[in-house]
$ cat run.tsv   # TSV, C-alpha atoms and all ligand atoms
chain	number	residue	atom	x	y	z
D	3	MET	CA	-7.85	-18.87	49.67
D	4	ALA	CA	-4.76	-17.39	48.08
D	5	ALA	CA	-4.86	-16.51	44.39
D	6	LYS	CA	-3.75	-18.71	41.56
D	7	ILE	CA	-0.51	-17.27	40.18
D	8	ILE	CA	-0.68	-16.65	36.42
D	9	ARG	CA	2.88	-17.40	35.32
D	10	GLY	CA	3.58	-15.31	32.26
D	11	SER	CA	7.09	-16.66	31.95
D	12	GLU	CA	5.71	-20.21	31.53
D	13	ILE	CA	2.94	-19.26	29.11
D	14	ALA	CA	5.43	-17.17	27.12
D	15	GLN	CA	7.74	-20.18	26.92
D	16	GLN	CA	4.94	-22.36	25.52
D	17	ILE	CA	4.16	-19.80	22.83
D	18	ARG	CA	7.87	-19.53	21.96
D	19	VAL	CA	8.03	-23.27	21.31
D	20	ASP	CA	5.27	-22.82	18.70
D	21	LEU	CA	6.96	-19.75	17.21
D	22	LYS	CA	10.26	-21.59	16.94
D	23	ARG	CA	8.60	-24.41	15.03
D	24	GLU	CA	6.81	-21.95	12.77
D	25	THR	CA	10.08	-20.10	12.13
D	26	ALA	CA	11.78	-23.35	11.14
D	27	LEU	CA	8.94	-24.15	8.69
D	28	LEU	CA	9.18	-20.67	7.18
D	29	LYS	CA	12.92	-21.13	6.77
D	30	GLU	CA	12.30	-24.28	4.71
D	31	ARG	CA	10.34	-22.03	2.36
D	32	GLY	CA	13.19	-19.52	2.22
D	33	VAL	CA	11.70	-16.97	4.62
D	34	VAL	CA	13.71	-15.95	7.70
D	35	PRO	CA	11.79	-13.58	10.00
D	36	GLY	CA	13.86	-10.43	10.40
D	37	LEU	CA	13.61	-7.98	13.29
D	38	VAL	CA	15.52	-4.75	13.88
D	39	THR	CA	15.39	-3.07	17.29
D	40	ILE	CA	16.56	0.52	17.26
D	41	LEU	CA	17.82	1.96	20.53
D	42	VAL	CA	18.64	5.66	20.85
D	43	GLY	CA	20.88	6.51	23.80
D	44	GLN	CA	21.78	4.38	26.82
D	45	ASN	CA	18.83	4.39	29.20
D	46	PRO	CA	19.57	1.31	31.37
D	47	ALA	CA	15.96	0.09	31.43
D	48	SER	CA	15.66	0.44	27.64
D	49	MET	CA	19.01	-1.34	27.16
D	50	SER	CA	17.79	-4.23	29.29
D	51	TYR	CA	14.44	-4.53	27.42
D	52	VAL	CA	16.09	-4.38	24.02
D	53	ALA	CA	18.62	-7.00	25.08
D	54	GLY	CA	15.71	-9.28	26.09
D	55	LYS	CA	14.09	-8.80	22.69
D	56	GLN	CA	17.32	-9.54	20.82
D	57	ARG	CA	18.04	-12.62	22.94
D	58	THR	CA	14.57	-14.02	22.25
D	59	ALA	CA	14.77	-13.26	18.52
D	60	HIS	CA	18.07	-15.19	18.38
D	61	GLU	CA	16.63	-18.15	20.29
D	62	LEU	CA	13.79	-18.42	17.78
D	63	GLY	CA	16.17	-18.37	14.81
D	64	PHE	CA	15.30	-14.92	13.48
D	65	HIS	CA	17.55	-12.65	11.48
D	66	SER	CA	17.93	-10.04	14.22
D	67	VAL	CA	19.66	-6.70	14.08
D	68	GLN	CA	20.42	-4.41	17.00
D	69	ASP	CA	20.82	-0.82	15.81
D	70	ASN	CA	22.31	1.39	18.54
D	71	GLN	CA	22.31	5.11	17.93
D	72	PRO	CA	23.81	7.87	20.07
D	73	GLU	CA	21.55	10.05	22.22
D	74	THR	CA	22.54	12.97	19.96
D	75	ILE	CA	21.30	11.49	16.65
D	76	SER	CA	19.11	13.98	14.76
D	77	GLU	CA	15.50	13.22	13.95
D	78	ALA	CA	16.33	13.46	10.23
D	79	LEU	CA	19.07	10.83	10.50
D	80	LEU	CA	16.88	8.50	12.53
D	81	LEU	CA	14.09	8.90	9.96
D	82	GLU	CA	16.56	8.04	7.23
D	83	ARG	CA	17.52	4.82	8.99
D	84	ILE	CA	13.87	3.85	9.32
D	85	LEU	CA	13.26	4.44	5.62
D	86	GLN	CA	16.25	2.22	4.92
D	87	TYR	CA	14.74	-0.62	6.99
D	88	ASN	CA	11.38	-0.04	5.31
D	89	ARG	CA	13.11	-0.91	2.01
D	90	ASP	CA	15.22	-3.79	3.35
D	91	PRO	CA	13.62	-7.12	2.30
D	92	ARG	CA	15.43	-9.05	5.08
D	93	ILE	CA	13.71	-6.92	7.72
D	94	HIS	CA	10.04	-7.72	8.45
D	95	GLY	CA	9.70	-5.95	11.79
D	96	ILE	CA	10.96	-2.56	12.96
D	97	LEU	CA	10.89	-1.61	16.64
D	98	VAL	CA	12.03	1.80	17.84
D	99	GLN	CA	12.44	1.55	21.60
D	100	LEU	CA	10.55	4.25	23.49
D	101	PRO	CA	10.99	6.72	25.07
D	102	LEU	CA	13.05	8.77	22.61
D	103	PRO	CA	15.17	11.79	23.61
D	104	PRO	CA	13.18	15.05	23.83
D	105	HIS	CA	14.63	16.54	20.60
D	106	ILE	CA	13.05	13.72	18.55
D	107	SER	CA	9.31	13.67	17.86
D	108	GLU	CA	7.96	10.24	18.73
D	109	GLN	CA	5.03	10.93	16.43
D	110	ASN	CA	7.21	11.65	13.40
D	111	ILE	CA	9.17	8.45	14.01
D	112	LEU	CA	6.14	6.21	14.49
D	113	TYR	CA	4.45	7.63	11.37
D	114	ALA	CA	7.56	6.83	9.30
D	115	ILE	CA	7.56	3.08	9.99
D	116	ASP	CA	5.99	1.03	7.18
D	117	PRO	CA	2.66	-0.13	8.71
D	118	GLY	CA	3.38	-3.61	7.31
D	119	LYS	CA	6.57	-3.72	9.43
D	120	ASP	CA	5.09	-2.04	12.49
D	121	VAL	CA	5.37	-5.01	14.86
D	122	ASP	CA	4.74	-2.73	17.87
D	123	GLY	CA	1.35	-1.81	16.39
D	124	PHE	CA	1.91	1.88	17.16
D	125	HIS	CA	1.41	3.38	13.67
D	126	PRO	CA	-1.91	5.26	13.44
D	127	PHE	CA	-2.96	2.98	10.56
D	128	ASN	CA	-2.61	-0.05	12.84
D	129	VAL	CA	-4.17	1.77	15.79
D	130	GLY	CA	-7.18	2.48	13.56
D	131	LYS	CA	-7.41	-1.13	12.37
D	132	LEU	CA	-7.38	-2.29	15.99
D	133	MET	CA	-10.23	0.07	16.80
D	134	ILE	CA	-12.45	-1.47	14.09
D	135	GLY	CA	-11.52	-5.05	14.98
D	136	GLN	CA	-9.29	-5.67	11.94
D	137	ALA	CA	-5.81	-5.54	13.46
D	138	ASP	CA	-2.85	-7.06	11.63
D	139	PHE	CA	-0.53	-6.27	14.54
D	140	LEU	CA	-1.91	-6.08	18.04
D	141	PRO	CA	0.30	-3.97	20.32
D	142	CYS	CA	2.52	-6.38	22.23
D	143	THR	CA	1.62	-5.75	25.87
D	144	PRO	CA	-2.16	-5.80	25.30
D	145	ALA	CA	-1.81	-8.89	23.09
D	146	GLY	CA	0.19	-10.55	25.87
D	147	ILE	CA	-2.48	-9.71	28.45
D	148	GLN	CA	-5.22	-11.18	26.23
D	149	GLN	CA	-3.23	-14.38	25.76
D	150	LEU	CA	-2.62	-14.66	29.51
D	151	LEU	CA	-6.35	-14.44	30.14
D	152	LEU	CA	-7.27	-16.87	27.35
D	153	ARG	CA	-4.63	-19.44	28.21
D	154	SER	CA	-5.47	-19.29	31.92
D	155	GLY	CA	-9.13	-20.01	31.17
D	156	VAL	CA	-10.37	-16.66	32.51
D	157	PRO	CA	-13.88	-15.95	31.17
D	158	ILE	CA	-13.80	-12.66	29.24
D	159	ASP	CA	-17.17	-12.76	27.47
D	160	GLY	CA	-19.56	-10.70	29.56
D	161	ALA	CA	-16.96	-9.94	32.25
D	162	GLU	CA	-16.66	-6.58	33.97
D	163	VAL	CA	-13.17	-5.38	33.05
D	164	VAL	CA	-11.68	-2.30	34.68
D	165	VAL	CA	-8.48	-0.86	33.21
D	166	VAL	CA	-6.57	1.65	35.31
D	167	GLY	CA	-4.44	3.78	32.99
D	168	ARG	CA	-5.14	5.28	29.55
D	169	SER	CA	-1.81	5.18	27.76
D	170	ASN	CA	-1.65	4.68	24.01
D	171	ILE	CA	0.52	1.57	24.44
D	172	VAL	CA	-1.44	-0.28	27.14
D	173	GLY	CA	-4.63	1.21	28.61
D	174	LYS	CA	-6.41	2.39	25.49
D	175	PRO	CA	-5.58	-0.61	23.27
D	176	ILE	CA	-6.37	-3.32	25.87
D	177	ALA	CA	-9.68	-1.62	26.63
D	178	ASN	CA	-10.49	-1.61	22.92
D	179	MET	CA	-9.45	-5.21	22.37
D	180	LEU	CA	-11.53	-6.62	25.23
D	181	LEU	CA	-14.49	-4.51	24.10
D	182	GLN	CA	-14.56	-6.01	20.58
D	183	LYS	CA	-17.20	-8.48	19.54
D	184	GLY	CA	-15.88	-12.03	19.38
D	185	ASP	CA	-13.69	-14.62	21.09
D	186	GLY	CA	-11.31	-13.49	23.79
D	187	ALA	CA	-13.30	-10.28	24.11
D	188	ASN	CA	-16.93	-9.14	24.41
D	189	ALA	CA	-16.32	-7.68	27.89
D	190	THR	CA	-17.90	-4.63	29.50
D	191	VAL	CA	-14.99	-2.25	29.87
D	192	THR	CA	-14.39	0.73	32.16
D	193	VAL	CA	-11.24	2.84	31.88
D	194	CYS	CA	-10.05	4.82	34.92
D	195	HIS	CA	-7.34	7.46	34.95
D	196	THR	CA	-5.89	10.33	36.99
D	197	GLY	CA	-9.07	12.34	36.40
D	198	THR	CA	-11.38	9.60	37.74
D	199	ARG	CA	-13.21	10.78	40.85
D	200	ASP	CA	-13.24	7.52	42.83
D	201	ILE	CA	-11.08	4.82	41.27
D	202	GLY	CA	-11.86	2.26	43.97
D	203	PHE	CA	-15.59	2.55	43.27
D	204	HIS	CA	-14.90	1.24	39.78
D	205	THR	CA	-12.12	-1.28	40.53
D	206	ARG	CA	-14.19	-3.03	43.23
D	207	ARG	CA	-16.70	-4.00	40.53
D	208	ALA	CA	-14.06	-5.62	38.34
D	209	ASP	CA	-14.05	-9.32	37.52
D	210	ILE	CA	-10.80	-8.58	35.68
D	211	LEU	CA	-8.69	-5.68	36.93
D	212	ILE	CA	-5.86	-4.46	34.70
D	213	ALA	CA	-3.36	-2.15	36.40
D	214	ALA	CA	-1.32	-0.04	33.99
D	215	VAL	CA	-0.64	2.96	36.15
D	216	GLY	CA	3.13	3.19	36.42
D	217	ARG	CA	3.24	3.63	40.21
D	218	PRO	CA	4.03	1.02	42.89
D	219	MET	CA	1.19	0.21	45.30
D	220	ALA	CA	-1.34	2.07	43.12
D	221	ILE	CA	-3.77	-0.87	43.56
D	222	THR	CA	-4.33	-1.72	47.22
D	223	VAL	CA	-6.29	-4.65	48.62
D	224	ASP	CA	-9.36	-2.54	49.45
D	225	MET	CA	-9.72	-1.75	45.72
D	226	VAL	CA	-10.06	-5.42	44.70
D	227	LYS	CA	-13.17	-7.62	44.72
D	228	GLN	CA	-12.85	-11.05	46.36
D	229	GLY	CA	-11.92	-13.58	43.64
D	230	ALA	CA	-11.08	-11.02	40.94
D	231	VAL	CA	-8.42	-11.67	38.31
D	232	VAL	CA	-5.67	-9.06	38.67
D	233	ILE	CA	-3.29	-8.31	35.80
D	234	ASP	CA	-0.33	-6.18	36.87
D	235	VAL	CA	1.28	-4.35	33.94
D	236	GLY	CA	3.57	-2.19	36.09
D	237	VAL	CA	7.34	-2.34	35.67
D	238	ASN	CA	8.69	-0.08	38.39
D	239	ARG	CA	12.27	-0.15	39.58
D	240	GLN	CA	12.60	0.11	43.34
D	241	GLY	CA	15.93	-0.41	45.03
D	242	PHE	CA	18.38	-3.21	44.26
D	243	THR	CA	18.70	-6.95	44.80
D	244	PRO	CA	21.63	-8.25	46.89
D	245	GLU	CA	23.38	-8.93	43.55
D	246	GLY	CA	23.09	-5.24	42.64
D	247	LYS	CA	20.41	-5.69	39.96
D	248	ALA	CA	17.47	-3.26	39.84
D	249	LYS	CA	14.51	-4.70	41.72
D	250	LEU	CA	11.22	-4.73	39.80
D	251	CYS	CA	7.78	-4.30	41.24
D	252	GLY	CA	4.37	-3.84	39.69
D	253	ASP	CA	1.53	-1.41	40.32
D	254	VAL	CA	-0.30	-3.77	42.69
D	255	ASP	CA	0.24	-4.39	46.41
D	256	TYR	CA	1.01	-7.99	45.49
D	257	GLU	CA	1.41	-9.61	48.93
D	258	ALA	CA	-1.91	-8.28	50.20
D	259	VAL	CA	-3.91	-8.58	46.97
D	260	ARG	CA	-2.89	-12.20	46.34
D	261	GLN	CA	-4.74	-13.17	49.55
D	262	LYS	CA	-7.99	-11.80	48.12
D	263	ALA	CA	-7.81	-12.18	44.34
D	264	GLY	CA	-8.81	-15.32	42.45
D	265	ALA	CA	-5.75	-15.05	40.19
D	266	ILE	CA	-2.88	-12.60	39.84
D	267	THR	CA	0.17	-12.01	37.65
D	268	PRO	CA	3.54	-11.52	39.39
D	269	VAL	CA	6.17	-8.91	38.53
D	270	PRO	CA	8.62	-9.96	37.23
D	271	GLY	CA	7.48	-13.10	35.41
D	272	GLY	CA	3.97	-11.95	34.46
D	273	VAL	CA	3.09	-9.57	31.64
D	274	GLY	CA	6.72	-8.62	30.74
D	275	PRO	CA	7.79	-11.94	29.19
D	276	MET	CA	4.49	-12.02	27.26
D	277	THR	CA	5.20	-8.59	25.77
D	278	ILE	CA	8.45	-9.83	24.27
D	279	THR	CA	6.83	-13.02	23.01
D	280	MET	CA	4.02	-11.18	21.24
D	281	LEU	CA	6.63	-9.00	19.53
D	282	MET	CA	8.11	-12.22	18.14
D	283	ALA	CA	4.66	-13.45	17.10
D	284	ASN	CA	4.06	-10.18	15.24
D	285	THR	CA	7.42	-10.48	13.49
D	286	VAL	CA	6.60	-14.01	12.30
D	287	LYS	CA	3.26	-12.70	11.07
D	288	ALA	CA	4.95	-9.78	9.26
D	289	ALA	CA	7.32	-12.24	7.57
D	290	ARG	CA	4.41	-14.44	6.45
D	291	MET	CA	2.53	-11.40	5.14
D	292	ALA	CA	5.59	-10.14	3.26
D	293	ALA	CA	5.97	-13.59	1.64
D	294	GLY	CA	2.30	-13.58	0.66
D	295	LEU	CA	1.52	-16.57	2.87
F	1	LIG	N1	8.76	0.61	21.17
F	1	LIG	C1	8.60	0.03	22.36
F	1	LIG	N2	8.00	-1.18	22.43
F	1	LIG	C2	7.85	-1.80	23.64
F	1	LIG	O1	7.29	-2.92	23.71
F	1	LIG	C3	8.33	-1.15	24.83
F	1	LIG	C4	8.96	0.11	24.68
F	1	LIG	N3	9.06	0.66	23.44
F	1	LIG	N4	9.41	0.76	25.77
F	1	LIG	C5	9.35	0.20	27.10
F	1	LIG	C6	8.23	-0.81	27.26
F	1	LIG	C7	8.43	-1.77	28.41
F	1	LIG	N5	8.52	-3.09	27.82
F	1	LIG	C8	8.85	-4.27	28.49
F	1	LIG	C9	9.22	-5.44	27.85
F	1	LIG	C10	9.60	-6.57	28.53
F	1	LIG	C11	9.63	-6.58	29.91
F	1	LIG	C12	10.10	-7.81	30.62
F	1	LIG	O2	10.47	-8.78	30.01
F	1	LIG	N6	10.12	-7.83	31.96
F	1	LIG	C13	10.61	-8.96	32.71
F	1	LIG	C14	11.80	-8.59	33.55
F	1	LIG	C15	12.91	-7.93	32.77
F	1	LIG	C16	13.99	-7.33	33.67
F	1	LIG	O3	14.42	-8.01	34.64
F	1	LIG	O4	14.40	-6.17	33.40
F	1	LIG	C17	9.50	-9.45	33.61
F	1	LIG	O5	8.58	-8.69	33.89
F	1	LIG	O6	9.58	-10.60	34.04
F	1	LIG	C18	9.26	-5.44	30.59
F	1	LIG	C19	8.86	-4.30	29.89
F	1	LIG	C20	8.43	-2.97	26.46
F	1	LIG	N7	8.23	-1.70	26.10
$ encode --input "run.tsv" --output "structure tokens" --more "lines below"
Ligand SMILES: Nc1nc(=O)c2c([nH]1)NC[C@@H]1CN(c3ccc(C(=O)N[C@@H](CCC(=O)O)C(=O)O)cc3)C=[N+]21
Amino acid sequence: MAAKIIRGSEIAQQIRVDLKRETALLKERGVVPGLVTILVGQNPASMSYVAGKQRTAHELGFHSVQDNQPETISEALLLERILQYNRDPRIHGILVQLPLPPHISEQNILYAIDPGKDVDGFHPFNVGKLMIGQADFLPCTPAGIQQLLLRSGVPIDGAEVVVVGRSNIVGKPIANMLLQKGDGANATVTVCHTGTRDIGFHTRRADILIAAVGRPMAITVDMVKQGAVVIDVGVNRQGFTPEGKAKLCGDVDYEAVRQKAGAITPVPGGVGPMTITMLMANTVKAARMAAGL
């Protein structure tokens, strides 16, 4: 039987309805969630992501600021802008779109963001809190994955989860989150990476397989257990649609794997829309925290 399709775009929409209501209630108390997205340079993919974030922030009624900086901006000037947003009481969330140009140290930038405004959850303080199960801000893509699983009724407690990929923004945090004690977690987690001897050996044991590799067709049907839940985090651009837009595909051989999996997320329309929505959820949370609510 073909897999159930986990529609991230629909689940994201449901969460946005709640966030919009919560934003309206906050506004009645004089608090308007404020988000700045800082984009350095003109990478087309980054421009499209940041536009999606701004559009969503507007829809929810946020105070939203798009700060575009030239590719040539110095690290010192970018740091200065961040410190300015750290002090700005209208701004509750600061997102610096990654990747940054090679002359700017990502680490220096991420360390400069006020941890209380770090809605990406990338500051080492927030990474550490996540590790000990006390996160204020879960990183957006892992938070989106967890919500997809929870809201699709996928059992996580006791499940064998295999994560393929060990990035700081997806692989490592989702592995940590699903490993925690408590609801929406308590899984047995394996993390595979480019140094893993036989990735298929591990993935075939997975009840929940999370692909965050960054390469099309990295997960083939022979690597998936019958009935497994497959979460595809890949956003790869391959060719163009007839309308001339970049065509997206994930890390999973979708057409083949959907015949074998129990459930699967599509690309687009799976994890991506959830990532943006969790950014909005974190911004609402940052605004509540700043107001002492
Ligand atoms: N500081 C920082 N924070 C991020 O959260 C961050 C980042 N840098 N750099 C790049 C990655 C990637 N990312 C995506 C967000 C939304 C979609 C998304 O909405 N995708 C849609 C399609 C969008 C399209 O058509 O281009 C979908 O999958 O349906 C994808 C990818 C956030 N990232």
$ residues_near_ligand --input "run.tsv" --ligand "ligand LIG 1 (chain F)" --cutoff "8 Å" --atoms "only C-alpha atoms and all ligand atoms" --output "ChimeraX atom specification"
/D:10-11,47-48,50-52,54-55,97-101,122,141-143,237,248-250,268-278,281
$ closest_residue --input "run.tsv" --among "D:Ala283, D:Val254, D:Leu132, D:Ile147" --to "Val172 in chain D" --atoms "all atoms listed in the file"
D:Ile147
$ closest_residue --input "run.tsv" --among "D:Arg57, D:Arg207, D:Lys183, D:Lys119" --to "Arg89 in chain D" --atoms "all atoms listed in the file"
D:Lys119
$ closest_residue --input "run.tsv" --among "D:Ile106, D:Leu151, D:Ala288, D:Val121" --to "Asp209 in chain D" --atoms "all atoms listed in the file"
D:Leu151
$ closest_residue --input "run.tsv" --among "D:Ile233, D:Met3, D:Ala258, D:Gly216" --to "Ile176 in chain D" --atoms "only C-alpha atoms"
D:Ile233
$ residues_around --input "run.tsv" --residues "Asn70 in chain D" --least-positions-apart "5" --cutoff "7 Å" --atoms "all atoms listed in the file" --output "VMD selection string"
chain D and resid 40 to 42
$ closest_residue --input "run.tsv" --among "D:Thr205, D:Gln149, D:Gln136, D:Ser154" --to "Gln182 in chain D" --atoms "all atoms listed in the file"
D:Gln136
$ atom_distance --input "run.tsv" --atom1 "CA of His195 in chain D" --atom2 "CA of Gly167 in chain D"
5.1 Å
